[in-house]
Amino acid sequence: MAKHSFNTLIKRLSRVGFKKEFVTAALLPDWWEESYARDPDVLPEIEVRVARFLDVPISNVRNPESALVLPSYGTPQMRRVRDIDRDRLGPAIHSAIRLSQAVIRNLRLPGVIEAPIADPLEWRRILQSGANGTVQLGAILRDLWNKGIPVIPLDVLPTPSFQGLAYIVDAHPVIVLGHRYDEPGRVAFLVAHETGHIVAGDCSPGTPVLDENEAVQDESAMEYAADRFARHLLVGDATVTISEETGADAKVIAQQAIDLESQTGVDASSIIYAWASKTRNYPAATMAVKALYRSTGARNQVREIFDEYVDLDCAGDIDLDLLRCVYGQPSPTALAG
């Protein structure tokens, strides 16, 4: 019979999809040192953390012969997912939901739950700001958080992970960002896309919607509607678009987008990513946004707004350890406050 120890527990977690790197970041206490792996007096606390994370009896965790299993989340709606990844995305989905629950427990505005505006053009009119009437990432994020809809950026997830996930956690719609995109226009489109899934009722408490890779072709009505929602929010008039004659030349795409911005007031990077959502040519879109010098800053925006709405000071130790997956540690702004 196998001996129960920290190392055997780590191996069992690895077999179910949680590698040591993730376990170290999300489940071990912040005072952890490698020497504690050999200390049997520390093992009970780790067992409690694993049992709570997996939602299994602690007796299962302590029995080295017992297979660790994930809770069932019904049948997730997996969109733009490579077939090879479908059976391996369970640990990332479970981790995202556990982290979302930790966020909900520590909201600065507890109990606030309001549905997002269902008409993207109406929402656009509300969010437009400045003389040119652009819709910026920060305005989208704050409006969602104010409605009790967290937008959670994750830096640490089991692999393979996902691009975006929409789900209902404790009655709160939640959007989880799993990829480390830093282009504000791209992240704005992704958040708007996931909001489209929430508005359409595609996700439920038992059924998350997961988008693994935006470049994977998916002609389903669900994905078409979510993309359309995002385009209408960010671009508005469907005629504001890159010409098909532009091809894949990043510099030409960038120039046409900036010309359209001057004419219409629509943000050029939003125009580019709306074009990419139709063509699936994200490499060209990324190069075009770089040519406009608008390819950085989203991660800082998402994180700083996260810290405005999540009370890390009052979070319990286990929640704090889970929340290390959000860019590792509290942002300097949060620490200074």
# chains A, B, ... in the order shown; residues from 1 in each chain; ligands from 1
>>> residues_around(residues="region 194-203 of chain A", least_positions_apart="3", cutoff="6 Å", atoms="only C-alpha atoms", output="VMD selection string")
chain A and resid 118 166 to 167 191 207 to 209 226 229
>>> write_last_selection(atoms="C-alpha atoms", output="compact mmCIF listing (two decimals), in the first residue's frame")
# COMPACT_ATOMS: atom_id res chain seq x y z
CA ALA A 118 -28.78 43.46 -23.33
CA ALA A 166 -18.32 33.05 -18.63
CA TYR A 167 -20.19 31.43 -15.77
CA VAL A 191 -14.66 40.92 -22.41
CA THR A 207 -22.94 25.23 -17.51
CA PRO A 208 -19.92 27.47 -18.10
CA VAL A 209 -19.15 28.79 -21.57
CA ALA A 226 -21.32 36.87 -29.13
CA PHE A 229 -22.55 41.76 -29.63
>>> select_by_dssp(residues="region 19-259 of chain A", states="strand (DSSP E or B)", output="list in words")
Gln77, Met78, Arg79, Leu107, Ser129, Thr134, Val151, Ile152, Pro153, Gly164, Leu165, Ala166, Tyr167, Ile168, Val169, His172, Pro173, Val174, Ile175, Val176, Leu177, Ser204, Thr207, Val209, Leu210 and Asp211 of chain A
>>> closest_residue(among="A:Leu54, A:Ala192, A:Leu157, A:Ile253", to="Gly138 (chain A)", atoms="only C-alpha atoms")
A:Ala192
>>> atom_distance(atom1="CA of Leu292 (chain A)", atom2="CA of Ala254 (chain A)")
6.5 Å
>>> residues_around(residues="region 310-314 of chain A", least_positions_apart="2", cutoff="10 Å", atoms="only C-alpha atoms", output="list in words")
Ala102, Val103, Ile104, Arg105, Asn106, Leu107, Arg108, Leu109, Pro110, Trp145, Pro150, Ile305, Phe306, Asp307, Glu308, Gly316, Asp317, Asp319, Leu320, Leu323, Pro330, Ala334 and Leu335 of chain A
>>> residues_around(residues="Pro91 (chain A)", least_positions_apart="4", cutoff="12 Å", atoms="only C-alpha atoms", output="PyMOL selection string")
chain A and resi 13-19+22-23+53-54+68-73+85-87+95-98+156-162
>>> closest_residue(among="A:Tyr282, A:Tyr224, A:Tyr36, A:Trp31", to="Tyr181 (chain A)", atoms="only C-alpha atoms")
A:Tyr282
>>> select_by_dssp(residues="region 162-304 of chain A", states="alpha helix (DSSP H)", output="ChimeraX atom specification")
/A:184-200,221-234,250-264,268-279,282-291,298-304
>>> residues_around(residues="Ala171 (chain A)", least_positions_apart="2", cutoff="12 Å", atoms="only C-alpha atoms", output="list in words")
Ser100, Gln101, Ile104, Pro110, Gly111, Val112, Ile113, Glu114, Ala115, Gly148, Ile149, Pro150, Tyr167, Ile168, Val169, Pro173, Val174, Cys203, Ser204, Pro205 and Gly206 of chain A
